[in-house]
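Asks: Got a structure for you, entry-v6.cif, holding mmCIF, C-alpha atoms.
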data_protein
loop_
_atom_site.label_atom_id
_atom_site.label_comp_id
_atom_site.auth_asym_id
_atom_site.auth_seq_id
_atom_site.Cartn_x
_atom_site.Cartn_y
_atom_site.Cartn_z
CA MET O 1 -7.44 -76.49 -24.92
CA ALA O 2 -5.85 -75.16 -28.02
CA VAL O 3 -3.05 -73.39 -26.17
CA SER O 4 -1.93 -76.50 -24.27
CA LYS O 5 -1.99 -78.49 -27.51
CA LEU O 6 0.15 -75.83 -29.14
CA ALA O 7 2.50 -75.93 -26.15
CA LEU O 8 2.78 -79.71 -26.36
CA ALA O 9 3.48 -79.46 -30.05
CA ALA O 10 6.09 -76.79 -29.42
CA THR O 11 8.14 -79.06 -27.19
CA SER O 12 8.09 -82.10 -29.44
CA GLY O 13 11.08 -82.87 -31.60
CA LYS O 14 9.37 -82.30 -34.93
CA ASN O 15 8.37 -78.74 -34.12
CA CYS O 16 11.91 -77.96 -32.99
CA LYS O 17 13.06 -78.77 -36.49
CA VAL O 18 10.34 -76.50 -37.87
CA LEU O 19 11.59 -73.68 -35.62
CA LEU O 20 15.15 -74.28 -36.79
CA GLY O 21 14.05 -74.19 -40.43
CA LEU O 22 12.13 -70.95 -39.86
CA ARG O 23 15.13 -69.35 -38.19
CA LEU O 24 17.40 -70.38 -41.05
CA LEU O 25 14.97 -68.85 -43.55
CA ALA O 26 14.69 -65.64 -41.54
CA PHE O 27 18.47 -65.45 -41.19
CA SER O 28 19.02 -65.82 -44.92
CA ALA O 29 16.22 -63.37 -45.80
CA THR O 30 17.46 -60.58 -43.52
CA LEU O 31 21.12 -61.16 -44.40
CA SER O 32 20.39 -61.00 -48.13
CA ALA O 33 18.31 -57.84 -47.61
CA ALA O 34 21.19 -56.20 -45.72
CA ILE O 35 23.79 -57.23 -48.30
CA VAL O 36 21.75 -56.27 -51.37
CA MET O 37 20.89 -52.85 -49.94
CA GLY O 38 24.41 -52.33 -48.62
CA LEU O 39 25.97 -52.91 -52.03
CA ASN O 40 23.34 -50.82 -53.79
CA LYS O 41 25.13 -48.21 -55.85
CA GLU O 42 24.64 -46.79 -59.30
CA THR O 43 26.66 -44.19 -61.15
CA LYS O 44 25.34 -42.44 -64.23
CA THR O 45 26.48 -39.60 -66.43
CA PHE O 46 23.97 -37.05 -67.58
CA VAL O 47 24.12 -34.18 -69.98
CA VAL O 48 23.30 -31.08 -67.99
CA GLY O 49 23.87 -28.37 -70.51
CA GLN O 50 25.51 -27.28 -73.68
CA VAL O 51 28.26 -24.83 -74.35
CA GLY O 52 28.17 -24.08 -78.04
CA ASN O 53 28.31 -27.49 -79.65
CA THR O 54 29.88 -29.54 -76.87
CA PRO O 55 27.55 -31.01 -74.21
CA ILE O 56 28.51 -30.69 -70.56
CA LYS O 57 28.35 -34.00 -68.73
CA ALA O 58 28.02 -34.49 -65.00
CA THR O 59 28.28 -37.74 -63.09
CA PHE O 60 25.75 -38.57 -60.41
CA THR O 61 25.81 -41.44 -57.96
CA ALA O 62 22.94 -43.05 -56.14
CA LYS O 63 24.12 -44.85 -53.00
CA PHE O 64 22.24 -46.34 -50.12
CA ASP O 65 23.86 -44.11 -47.53
CA HIS O 66 22.46 -40.97 -49.11
CA THR O 67 19.22 -41.80 -47.30
CA PRO O 68 19.25 -42.30 -43.49
CA ALA O 69 16.27 -44.66 -43.72
CA PHE O 70 18.27 -47.06 -45.90
CA VAL O 71 21.25 -46.91 -43.53
CA PHE O 72 18.89 -47.85 -40.69
CA PHE O 73 17.52 -50.61 -42.93
CA VAL O 74 20.96 -52.15 -43.49
CA VAL O 75 21.97 -51.91 -39.82
CA ALA O 76 18.67 -53.33 -38.51
CA ASN O 77 18.68 -56.24 -40.96
CA ALA O 78 22.26 -57.05 -40.00
CA MET O 79 21.29 -57.03 -36.31
CA VAL O 80 18.28 -59.28 -36.82
CA SER O 81 20.25 -61.75 -38.92
CA PHE O 82 22.93 -61.83 -36.21
CA HIS O 83 20.24 -62.54 -33.61
CA ASN O 84 18.88 -65.40 -35.71
CA LEU O 85 22.40 -66.77 -36.19
CA LEU O 86 22.90 -66.71 -32.43
CA MET O 87 19.63 -68.56 -31.83
CA ILE O 88 20.46 -71.17 -34.48
CA GLY O 89 23.87 -71.72 -32.91
CA LEU O 90 22.25 -72.04 -29.48
CA GLN O 91 19.81 -74.62 -30.78
CA ILE O 92 22.37 -76.72 -32.63
CA PHE O 93 25.38 -76.54 -30.34
CA GLY O 94 23.76 -75.83 -26.98
CA GLY O 95 22.49 -79.33 -26.38
CA GLU O 96 23.61 -79.47 -22.76
CA ILE O 97 22.30 -76.06 -21.75
CA GLU O 98 19.20 -76.40 -19.65
CA PHE O 99 16.53 -73.92 -20.60
CA THR O 100 15.33 -72.87 -17.19
CA GLY O 101 12.65 -70.23 -16.87
CA PHE O 102 14.65 -67.06 -17.37
CA ARG O 103 16.55 -68.29 -20.43
CA LEU O 104 13.34 -69.23 -22.22
CA LEU O 105 11.82 -65.87 -21.26
CA SER O 106 14.83 -63.97 -22.57
CA VAL O 107 14.65 -65.82 -25.90
CA ALA O 108 10.97 -64.87 -26.22
CA ILE O 109 11.62 -61.22 -25.29
CA LEU O 110 14.57 -60.95 -27.70
CA ASP O 111 12.41 -62.39 -30.46
CA MET O 112 9.69 -59.84 -29.78
CA LEU O 113 12.17 -56.95 -29.78
CA ASN O 114 13.67 -58.13 -33.05
CA VAL O 115 10.23 -58.38 -34.64
CA THR O 116 9.55 -54.74 -33.84
CA LEU O 117 13.03 -53.71 -35.05
CA ILE O 118 12.78 -55.44 -38.40
CA SER O 119 9.23 -54.21 -39.02
CA ALA O 120 10.30 -50.62 -38.31
CA ALA O 121 13.29 -50.85 -40.65
CA ALA O 122 11.37 -52.49 -43.49
CA ASN O 123 8.56 -49.97 -43.29
CA ALA O 124 10.79 -46.88 -43.14
CA ALA O 125 12.71 -48.06 -46.21
CA ALA O 126 9.46 -48.93 -48.01
CA PHE O 127 7.98 -45.46 -47.57
CA MET O 128 11.23 -43.73 -48.55
CA ALA O 129 11.37 -45.94 -51.65
CA GLU O 130 7.80 -44.95 -52.46
CA VAL O 131 8.76 -41.27 -52.32
CA GLY O 132 11.74 -41.99 -54.55
CA LYS O 133 9.61 -43.90 -57.02
CA ASN O 134 6.63 -41.58 -57.29
CA GLY O 135 8.03 -38.29 -56.12
CA ASN O 136 5.85 -35.88 -54.19
CA LYS O 137 3.95 -33.16 -55.99
CA HIS O 138 3.09 -31.14 -52.89
CA ALA O 139 6.64 -30.90 -51.61
CA ARG O 140 8.07 -30.64 -55.12
CA TRP O 141 10.32 -33.66 -54.72
CA GLU O 142 11.12 -35.27 -58.03
CA LYS O 143 11.17 -38.99 -58.49
CA ILE O 144 14.57 -40.58 -59.06
CA CYS O 145 13.57 -44.06 -60.24
CA ASP O 146 13.21 -43.08 -63.86
CA ARG O 147 16.87 -42.14 -63.99
CA PHE O 148 18.39 -44.76 -61.68
CA ALA O 149 16.40 -47.82 -62.63
CA THR O 150 18.92 -50.47 -61.48
CA TYR O 151 19.30 -48.80 -58.09
CA CYS O 152 15.53 -48.86 -57.61
CA ASP O 153 15.27 -52.49 -58.74
CA HIS O 154 17.92 -53.67 -56.31
CA GLY O 155 16.30 -51.68 -53.53
CA ALA O 156 12.94 -53.27 -54.30
CA GLY O 157 14.50 -56.74 -54.11
CA ALA O 158 16.05 -55.96 -50.73
CA LEU O 159 12.69 -54.66 -49.50
CA ILE O 160 10.87 -57.83 -50.55
CA ALA O 161 13.44 -59.95 -48.71
CA ALA O 162 13.05 -57.76 -45.61
CA PHE O 163 9.26 -58.08 -45.63
CA ALA O 164 9.60 -61.86 -45.92
CA GLY O 165 11.88 -61.60 -42.89
CA VAL O 166 9.20 -59.62 -41.03
CA ILE O 167 6.58 -62.33 -41.57
CA LEU O 168 9.01 -65.09 -40.64
CA MET O 169 10.13 -63.27 -37.48
CA LEU O 170 6.49 -62.80 -36.47
CA ILE O 171 5.85 -66.55 -36.77
CA ILE O 172 9.07 -67.35 -34.88
CA SER O 173 8.10 -64.94 -32.11
CA ALA O 174 4.65 -66.51 -31.81
CA VAL O 175 6.24 -69.98 -31.51
CA SER O 176 8.72 -68.72 -28.87
CA ILE O 177 5.90 -67.22 -26.80
CA SER O 178 3.89 -70.42 -27.02
CA ARG O 179 6.93 -72.35 -25.76
CA LEU O 180 6.86 -70.20 -22.64
CA VAL O 181 3.62 -71.79 -21.52
CA GLN O 182 5.42 -74.97 -20.59
CA PRO O 183 8.79 -74.12 -19.07
CA ASN O 184 11.69 -76.52 -18.47
CA LYS O 185 11.23 -78.29 -21.77
CA TYR O 186 14.17 -77.50 -23.95
CA CYS O 187 14.42 -77.71 -27.68
CA SER O 188 17.68 -79.25 -28.81
CA THR O 189 18.45 -81.39 -31.81
CA THR O 190 20.87 -83.46 -29.71
CA ALA O 191 18.31 -84.27 -27.01
CA SER O 192 16.94 -87.77 -26.65
CA PRO O 193 13.30 -88.35 -27.69
CA SER O 194 12.41 -89.33 -24.10
CA VAL O 195 11.97 -85.61 -23.34
CA VAL O 196 8.69 -85.57 -25.28
CA PRO O 197 5.82 -85.95 -22.78
CA LYS L 198 -1.28 -65.92 9.54
CA LEU L 199 -2.70 -67.75 6.55
CA LYS L 200 -5.44 -65.14 6.27
CA SER L 201 -2.89 -62.26 6.19
CA THR L 202 -0.85 -63.88 3.39
CA LEU L 203 -4.04 -64.44 1.41
CA ILE L 204 -4.93 -60.79 1.84
CA GLU L 205 -1.38 -59.80 0.83
CA ARG L 206 -1.54 -61.89 -2.31
CA SER L 207 -4.90 -60.47 -3.35
CA MET L 208 -3.58 -56.94 -2.71
CA VAL L 209 -0.58 -57.66 -4.97
CA LYS L 210 -2.88 -59.00 -7.67
CA LEU L 211 -5.13 -55.94 -7.41
CA THR L 212 -2.15 -53.58 -7.63
CA LYS L 213 -0.87 -55.38 -10.70
CA ARG L 214 -4.25 -55.23 -12.37
CA ILE L 215 -4.66 -51.53 -11.63
CA GLY L 216 -1.14 -50.89 -12.93
CA GLY L 217 -2.00 -52.68 -16.16
CA LEU L 218 -5.18 -50.66 -16.57
CA VAL L 219 -3.34 -47.39 -15.97
CA LEU L 220 -0.71 -48.34 -18.56
CA ARG L 221 -3.40 -49.24 -21.08
CA LEU L 222 -5.26 -45.96 -20.44
CA ALA L 223 -2.04 -43.96 -20.86
CA ALA L 224 -1.22 -45.76 -24.13
CA PHE L 225 -4.76 -45.10 -25.36
CA GLY L 226 -4.36 -41.41 -24.52
CA ALA L 227 -0.97 -41.13 -26.23
CA ALA L 228 -2.14 -42.84 -29.43
CA LEU L 229 -5.28 -40.71 -29.50
CA ALA L 230 -3.17 -37.57 -29.05
CA ALA L 231 -0.91 -38.62 -31.93
CA VAL L 232 -3.91 -39.09 -34.23
CA VAL L 233 -5.59 -35.83 -33.28
CA VAL L 234 -2.46 -33.69 -33.49
CA MET L 235 -1.50 -35.04 -36.89
CA VAL L 236 -4.99 -34.78 -38.36
CA THR L 237 -5.41 -31.15 -37.29
CA SER L 238 -2.08 -30.07 -38.76
CA HIS L 239 -2.38 -27.97 -41.85
CA GLU L 240 -0.88 -24.68 -42.84
CA ARG L 241 -1.28 -22.42 -45.79
CA ALA L 242 1.78 -20.56 -47.05
CA SER L 243 2.21 -18.30 -50.02
CA PHE L 244 5.34 -17.20 -51.77
CA PHE L 245 5.86 -15.61 -55.18
CA ALA L 246 2.06 -15.39 -55.65
CA VAL L 247 1.87 -19.18 -55.42
CA SER L 248 -0.11 -20.44 -52.48
CA LEU L 249 0.52 -23.91 -51.19
CA GLU L 250 -1.21 -25.72 -48.42
CA ALA L 251 0.56 -28.38 -46.40
CA LYS L 252 -1.73 -31.12 -45.07
CA TYR L 253 -0.96 -34.44 -43.49
CA THR L 254 -2.46 -36.24 -46.51
CA ASP L 255 0.37 -34.96 -48.70
CA MET L 256 2.64 -37.76 -47.57
CA ALA L 257 1.65 -41.41 -47.72
CA SER L 258 3.54 -42.30 -44.55
CA PHE L 259 1.66 -39.66 -42.52
CA LYS L 260 -1.60 -41.23 -43.67
CA TYR L 261 -0.29 -44.65 -42.58
CA PHE L 262 0.76 -43.12 -39.23
CA VAL L 263 -2.77 -41.80 -38.64
CA ILE L 264 -4.38 -45.12 -39.61
CA ALA L 265 -2.02 -47.22 -37.46
CA ASN L 266 -2.43 -45.03 -34.39
CA ALA L 267 -6.21 -44.96 -34.86
CA VAL L 268 -6.26 -48.78 -34.90
CA VAL L 269 -4.16 -48.85 -31.73
CA THR L 270 -6.48 -46.33 -30.06
CA VAL L 271 -9.60 -48.37 -30.80
CA TYR L 272 -7.90 -51.61 -29.73
CA SER L 273 -6.69 -50.12 -26.42
CA PHE L 274 -10.13 -48.76 -25.70
CA LEU L 275 -11.69 -52.20 -26.26
CA VAL L 276 -9.12 -54.04 -24.13
CA LEU L 277 -9.71 -51.59 -21.26
CA PHE L 278 -13.08 -53.23 -20.74
CA LEU L 279 -11.97 -56.85 -20.97
CA PRO L 280 -12.98 -58.70 -17.79
CA LYS L 281 -10.24 -60.31 -15.75
CA GLU L 282 -11.29 -63.94 -16.07
CA SER L 283 -11.92 -63.85 -19.79
CA LEU L 284 -10.24 -66.48 -21.95
CA LEU L 285 -9.29 -63.82 -24.50
CA TRP L 286 -6.25 -62.68 -22.48
CA LYS L 287 -4.06 -65.21 -24.26
CA PHE L 288 -5.16 -63.64 -27.53
CA VAL L 289 -4.34 -60.20 -26.13
CA VAL L 290 -0.64 -61.10 -25.91
CA VAL L 291 -0.39 -61.79 -29.65
CA LEU L 292 -2.51 -58.75 -30.51
CA ASP L 293 -0.31 -56.57 -28.30
CA LEU L 294 2.70 -57.74 -30.28
CA VAL L 295 0.94 -56.91 -33.56
CA MET L 296 -0.03 -53.46 -32.25
CA THR L 297 3.55 -52.78 -31.17
CA MET L 298 4.71 -53.76 -34.65
CA LEU L 299 2.14 -51.36 -36.17
CA LEU L 300 3.30 -48.56 -33.89
CA THR L 301 7.02 -48.98 -34.62
CA SER L 302 6.54 -49.31 -38.35
CA SER L 303 4.26 -46.26 -38.62
CA LEU L 304 6.50 -44.15 -36.39
CA SER L 305 9.69 -45.01 -38.24
CA ALA L 306 8.10 -44.43 -41.66
CA ALA L 307 6.74 -41.03 -40.57
CA LEU L 308 10.12 -40.13 -39.04
CA ALA L 309 11.96 -41.06 -42.23
CA VAL L 310 9.77 -38.80 -44.37
CA ALA L 311 9.68 -35.98 -41.80
CA GLN L 312 13.48 -36.03 -41.65
CA VAL L 313 13.64 -35.47 -45.40
CA GLY L 314 11.09 -32.67 -45.03
CA LYS L 315 13.21 -31.00 -42.37
CA LYS L 316 16.70 -31.46 -43.73
CA GLY L 317 16.08 -32.23 -47.37
CA ASN L 318 18.15 -34.66 -49.40
CA ALA L 319 20.95 -32.91 -51.25
CA ASN L 320 21.84 -35.95 -53.34
CA ALA L 321 18.34 -36.42 -54.70
CA GLY L 322 17.70 -32.70 -55.14
CA TRP L 323 14.88 -32.59 -52.58
CA LEU L 324 14.54 -29.29 -50.77
CA PRO L 325 13.36 -29.12 -47.16
CA ILE L 326 9.87 -27.74 -46.69
CA CYS L 327 10.01 -26.85 -43.00
CA GLY L 328 11.27 -23.39 -43.77
CA GLN L 329 8.07 -22.50 -45.58
CA VAL L 330 5.54 -24.17 -43.26
CA PRO L 331 7.06 -24.04 -39.76
CA LYS L 332 3.80 -24.44 -37.83
CA PHE L 333 2.93 -27.57 -39.80
CA CYS L 334 6.37 -29.01 -39.08
CA ASP L 335 5.99 -28.30 -35.35
CA GLN L 336 2.67 -30.09 -35.19
CA ILE L 337 4.05 -33.07 -37.07
CA THR L 338 6.92 -33.20 -34.55
CA GLY L 339 4.41 -33.15 -31.69
CA ALA L 340 2.40 -35.99 -33.22
CA LEU L 341 5.57 -38.05 -33.69
CA ILE L 342 6.57 -37.51 -30.06
CA ALA L 343 3.12 -38.67 -28.92
CA GLY L 344 3.49 -41.72 -31.16
CA PHE L 345 6.86 -42.47 -29.58
CA VAL L 346 5.37 -42.27 -26.08
CA ALA L 347 2.59 -44.65 -27.17
CA LEU L 348 5.23 -47.05 -28.51
CA VAL L 349 7.23 -47.09 -25.26
CA LEU L 350 4.04 -47.65 -23.25
CA TYR L 351 3.05 -50.47 -25.56
CA VAL L 352 6.39 -52.25 -25.11
CA PHE L 353 5.75 -52.20 -21.36
CA LEU L 354 2.17 -53.35 -21.93
CA LEU L 355 3.43 -56.27 -24.01
CA LEU L 356 5.72 -57.38 -21.19
CA TYR L 357 2.87 -56.92 -18.72
CA SER L 358 0.38 -59.05 -20.67
CA LEU L 359 3.04 -61.71 -21.18
CA HIS L 360 3.66 -61.72 -17.44
CA SER L 361 -0.02 -61.93 -16.55
CA VAL L 362 -0.77 -64.78 -18.96
CA VAL L 363 2.28 -66.99 -18.45
CA ASP L 364 2.85 -68.56 -15.04
CA PRO L 365 3.99 -65.69 -12.77
CA PHE L 366 6.58 -67.94 -11.13
CA LEU L 367 8.37 -68.48 -14.44
CA LEU L 368 11.32 -66.40 -13.27
CA GLN L 369 12.18 -68.82 -10.47
CA LYS L 370 14.38 -71.76 -11.23
CA SER L 371 12.23 -74.86 -10.83
#
I need this file expressed as structure tokens, please.

Replies:
Amino acid sequence: MAVSKLALAATSGKNCKVLLGLRLLAFSATLSAAIVMGLNKETKTFVVGQVGNTPIKATFTAKFDHTPAFVFFVVANAMVSFHNLLMIGLQIFGGEIEFTGFRLLSVAILDMLNVTLISAAANAAAFMAEVGKNGNKHARWEKICDRFATYCDHGAGALIAAFAGVILMLIISAVSISRLVQPNKYCSTTASPSVVP
Amino acid sequence: KLKSTLIERSMVKLTKRIGGLVLRLAAFGAALAAVVVMVTSHERASFFAVSLEAKYTDMASFKYFVIANAVVTVYSFLVLFLPKESLLWKFVVVLDLVMTMLLTSSLSAALAVAQVGKKGNANAGWLPICGQVPKFCDQITGALIAGFVALVLYVFLLLYSLHSVVDPFLLQKS
């Protein structure tokens, strides 16, 4: 059956390297999303009026923590990248740890929870960015991207990285769940190839 | 004695299956409630001889919320009738994960926009709208709460389907 073949493949050495590569990619994607959005700041001076002949200037800043959705975005991406770092460390340095039933189950459950967390964060930030880019006629909210173009560009880059992280975390979670089907086979790069059935 | 343990085991299995069905029915009800409450929310307000109508289609994330919860409703309804011995249960685990992802993403997007509608955003110059259309805001809040209940139920459903597909004795050290 397809599921048992997938389970066999999941415990072989080659697929363990694939899982490690996927986790590294997801870690770097979510970390870069968190860093780019966290350092997102733009300051601009605008002319707001005129007194006689001299224009009055006012300075405005656009920062990520003006919007709660972006704060949640940064925090959630940091948490997911930390989770991936933990799993990578476990896979590389935890060669002697035996993955009995509950440990494998907890890895799968943590992966599932992190998938939902990262998808929530990416989506909230995406819809807030859409309101900032297009404004909203009905609520009379003006768009801000025409004035703070660099801020919007950096935010868009962070969003793309986060959505790549969502897809990667979904694949990782599917692989973790498929590894549950055959317990007591552990996935370690220091294990001997005799483990493969 | 063997016959009593067999009866016990089948009773446990039946209880688990009924529990799963009840959870699925409750999640279906919650998602349906979220869709219905948000779709029927509209309010007309007028100030300074300008009349504005607030509908759920004004915001893109509310539209996404309605679509996502509608998909979850239809999916839950279909899974309610899946027979016990079907081979599709392994597929149900992955689909449950996808549905949970849909629910969290739609709920958090709708919450982000609704929070701006309620409190405004002073730095961007966006004024809150809940003062002018309070009934609309209340219905949106109700729909979001129903969506949150559906999400919590779906997390439990995900764990339940995982438990029913994978070997139930996984938790024992073997």

Asks: Would you write out, as JSON lines, a table of all residues in chain O that have an atom no more than 9 Å from an atom of chain L, listing for each the closest atom pair and the distance in Å to one decimal, considering all atoms listed in the file and ordering rows by chain and rising residue number?

Replies:
{"residue": "O:Val3", "atom": "CA", "partner": "L:Lys287", "partner_atom": "CA", "distance": 8.5}
{"residue": "O:Phe60", "atom": "CA", "partner": "L:Asn320", "partner_atom": "CA", "distance": 8.5}
{"residue": "O:Thr61", "atom": "CA", "partner": "L:Asn320", "partner_atom": "CA", "distance": 8.2}
{"residue": "O:Ala62", "atom": "CA", "partner": "L:Asn320", "partner_atom": "CA", "distance": 7.7}
{"residue": "O:His66", "atom": "CA", "partner": "L:Asn320", "partner_atom": "CA", "distance": 6.6}
{"residue": "O:Thr67", "atom": "CA", "partner": "L:Asn318", "partner_atom": "CA", "distance": 7.5}
{"residue": "O:Pro68", "atom": "CA", "partner": "L:Ala309", "partner_atom": "CA", "distance": 7.5}
{"residue": "O:Ala69", "atom": "CA", "partner": "L:Ala309", "partner_atom": "CA", "distance": 5.8}
{"residue": "O:Thr100", "atom": "CA", "partner": "L:Lys370", "partner_atom": "CA", "distance": 6.1}
{"residue": "O:Gly101", "atom": "CA", "partner": "L:Leu367", "partner_atom": "CA", "distance": 5.2}
{"residue": "O:Phe102", "atom": "CA", "partner": "L:Leu368", "partner_atom": "CA", "distance": 5.3}
{"residue": "O:Leu105", "atom": "CA", "partner": "L:Leu368", "partner_atom": "CA", "distance": 8.0}
{"residue": "O:Ile109", "atom": "CA", "partner": "L:Leu356", "partner_atom": "CA", "distance": 8.1}
{"residue": "O:Met112", "atom": "CA", "partner": "L:Leu294", "partner_atom": "CA", "distance": 7.3}
{"residue": "O:Leu113", "atom": "CA", "partner": "L:Val352", "partner_atom": "CA", "distance": 8.8}
{"residue": "O:Val115", "atom": "CA", "partner": "L:Met298", "partner_atom": "CA", "distance": 7.2}
{"residue": "O:Thr116", "atom": "CA", "partner": "L:Met298", "partner_atom": "CA", "distance": 5.0}
{"residue": "O:Leu117", "atom": "CA", "partner": "L:Thr301", "partner_atom": "CA", "distance": 7.7}
{"residue": "O:Ile118", "atom": "CA", "partner": "L:Ser302", "partner_atom": "CA", "distance": 8.7}
{"residue": "O:Ser119", "atom": "CA", "partner": "L:Ser302", "partner_atom": "CA", "distance": 5.6}
{"residue": "O:Ala120", "atom": "CA", "partner": "L:Ser302", "partner_atom": "CA", "distance": 4.0}
{"residue": "O:Ala121", "atom": "CA", "partner": "L:Ser305", "partner_atom": "CA", "distance": 7.3}
{"residue": "O:Ala122", "atom": "CA", "partner": "L:Ser302", "partner_atom": "CA", "distance": 7.7}
{"residue": "O:Asn123", "atom": "CA", "partner": "L:Ser302", "partner_atom": "CA", "distance": 5.4}
{"residue": "O:Ala124", "atom": "CA", "partner": "L:Ala306", "partner_atom": "CA", "distance": 3.9}
{"residue": "O:Ala125", "atom": "CA", "partner": "L:Ala306", "partner_atom": "CA", "distance": 7.4}
{"residue": "O:Ala126", "atom": "CA", "partner": "L:Ala306", "partner_atom": "CA", "distance": 7.9}
{"residue": "O:Phe127", "atom": "CA", "partner": "L:Ala306", "partner_atom": "CA", "distance": 6.0}
{"residue": "O:Met128", "atom": "CA", "partner": "L:Val310", "partner_atom": "CA", "distance": 6.6}
{"residue": "O:Glu130", "atom": "CA", "partner": "L:Ala257", "partner_atom": "CA", "distance": 8.5}
{"residue": "O:Val131", "atom": "CA", "partner": "L:Val310", "partner_atom": "CA", "distance": 8.4}
{"residue": "O:Gly132", "atom": "CA", "partner": "L:Ala321", "partner_atom": "CA", "distance": 8.6}
{"residue": "O:Asn136", "atom": "CA", "partner": "L:Met256", "partner_atom": "CA", "distance": 7.6}
{"residue": "O:Lys137", "atom": "CA", "partner": "L:Asp255", "partner_atom": "CA", "distance": 8.3}
{"residue": "O:His138", "atom": "CA", "partner": "L:Asp255", "partner_atom": "CA", "distance": 6.3}
{"residue": "O:Ala139", "atom": "CA", "partner": "L:Ile326", "partner_atom": "CA", "distance": 6.7}
{"residue": "O:Arg140", "atom": "CA", "partner": "L:Trp323", "partner_atom": "CA", "distance": 7.5}
{"residue": "O:Trp141", "atom": "CA", "partner": "L:Trp323", "partner_atom": "CA", "distance": 5.1}
{"residue": "O:Glu142", "atom": "CA", "partner": "L:Trp323", "partner_atom": "CA", "distance": 7.1}
{"residue": "O:Lys143", "atom": "CA", "partner": "L:Ala321", "partner_atom": "CA", "distance": 8.5}
{"residue": "O:Ile144", "atom": "CA", "partner": "L:Ala321", "partner_atom": "CA", "distance": 7.1}
{"residue": "O:Leu170", "atom": "CA", "partner": "L:Val295", "partner_atom": "CA", "distance": 8.6}
{"residue": "O:Ala174", "atom": "CA", "partner": "L:Val291", "partner_atom": "CA", "distance": 7.2}
{"residue": "O:Ile177", "atom": "CA", "partner": "L:Leu359", "partner_atom": "CA", "distance": 8.4}
{"residue": "O:Leu180", "atom": "CA", "partner": "L:Val363", "partner_atom": "CA", "distance": 7.0}
{"residue": "O:Val181", "atom": "CA", "partner": "L:Val363", "partner_atom": "CA", "distance": 5.9}
{"residue": "O:Gln182", "atom": "CA", "partner": "L:Val363", "partner_atom": "CA", "distance": 8.8}
{"residue": "O:Pro183", "atom": "CA", "partner": "L:Leu367", "partner_atom": "CA", "distance": 7.3}
{"residue": "O:Asn184", "atom": "CA", "partner": "L:Ser371", "partner_atom": "CA", "distance": 7.8}

Asks: Take the residues just selected and output them with C-alpha atoms as a compact mmCIF listing (two decimals), keeping the file's coordinate frame.

Replies:
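Output file result.txt follows:
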# COMPACT_ATOMS: atom_id res chain seq x y z
CA VAL O 3 -3.05 -73.39 -26.17
CA PHE O 60 25.75 -38.57 -60.41
CA THR O 61 25.81 -41.44 -57.96
CA ALA O 62 22.94 -43.05 -56.14
CA HIS O 66 22.46 -40.97 -49.11
CA THR O 67 19.22 -41.80 -47.30
CA PRO O 68 19.25 -42.30 -43.49
CA ALA O 69 16.27 -44.66 -43.72
CA THR O 100 15.33 -72.87 -17.19
CA GLY O 101 12.65 -70.23 -16.87
CA PHE O 102 14.65 -67.06 -17.37
CA LEU O 105 11.82 -65.87 -21.26
CA ILE O 109 11.62 -61.22 -25.29
CA MET O 112 9.69 -59.84 -29.78
CA LEU O 113 12.17 -56.95 -29.78
CA VAL O 115 10.23 -58.38 -34.64
CA THR O 116 9.55 -54.74 -33.84
CA LEU O 117 13.03 -53.71 -35.05
CA ILE O 118 12.78 -55.44 -38.40
CA SER O 119 9.23 -54.21 -39.02
CA ALA O 120 10.30 -50.62 -38.31
CA ALA O 121 13.29 -50.85 -40.65
CA ALA O 122 11.37 -52.49 -43.49
CA ASN O 123 8.56 -49.97 -43.29
CA ALA O 124 10.79 -46.88 -43.14
CA ALA O 125 12.71 -48.06 -46.21
CA ALA O 126 9.46 -48.93 -48.01
CA PHE O 127 7.98 -45.46 -47.57
CA MET O 128 11.23 -43.73 -48.55
CA GLU O 130 7.80 -44.95 -52.46
CA VAL O 131 8.76 -41.27 -52.32
CA GLY O 132 11.74 -41.99 -54.55
CA ASN O 136 5.85 -35.88 -54.19
CA LYS O 137 3.95 -33.16 -55.99
CA HIS O 138 3.09 -31.14 -52.89
CA ALA O 139 6.64 -30.90 -51.61
CA ARG O 140 8.07 -30.64 -55.12
CA TRP O 141 10.32 -33.66 -54.72
CA GLU O 142 11.12 -35.27 -58.03
CA LYS O 143 11.17 -38.99 -58.49
CA ILE O 144 14.57 -40.58 -59.06
CA LEU O 170 6.49 -62.80 -36.47
CA ALA O 174 4.65 -66.51 -31.81
CA ILE O 177 5.90 -67.22 -26.80
CA LEU O 180 6.86 -70.20 -22.64
CA VAL O 181 3.62 -71.79 -21.52
CA GLN O 182 5.42 -74.97 -20.59
CA PRO O 183 8.79 -74.12 -19.07
CA ASN O 184 11.69 -76.52 -18.47

Asks: So how far away is CA of Thr202 in chain L from CA of Tyr357 in chain L, in Å?

Replies: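 Computed distance, CA of Tyr357 in chain L to CA of Thr202 in chain L, equals 23.5 Å.
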
Asks: I'd like the contact shell of range 145-161 of chain O - 8 Å cut-off, only C-alpha atoms, skipping same-chain residues fewer than 5 positions apart - returned as a list in words.

Replies: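 Final neighbour list, sorted by chain and number: Ala29, Thr30, Ser32, Ala33, Ala34, Val36, Met37, Asn40, Lys41, Glu42, Lys44, Ala62, Ala122, Ala125, Ala126, Ala129, Gly132, Lys133 and Asn134 of chain O.
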
Asks: Counting only C-alpha atoms, select every polymer residue within 9 Å of (-2.4, -39.8, -29.7) as defined in the file's coordinates, and provide the selection as a list in words.

Replies: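 Using only C-alpha atoms, the matching residues come out as Ala224, Phe225, Gly226, Ala227, Ala228, Leu229, Ala230, Ala231, Val232, Val233, Val234, Met235, Asn266, Ala267, Thr270, Ala340, Ala343, Gly344, Val346 and Ala347 of chain L.
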
Asks: One number please: CA of Lys198 in chain L to CA of Gly217 in chain L, in Å, one decimal.

Replies: 28.9 Å
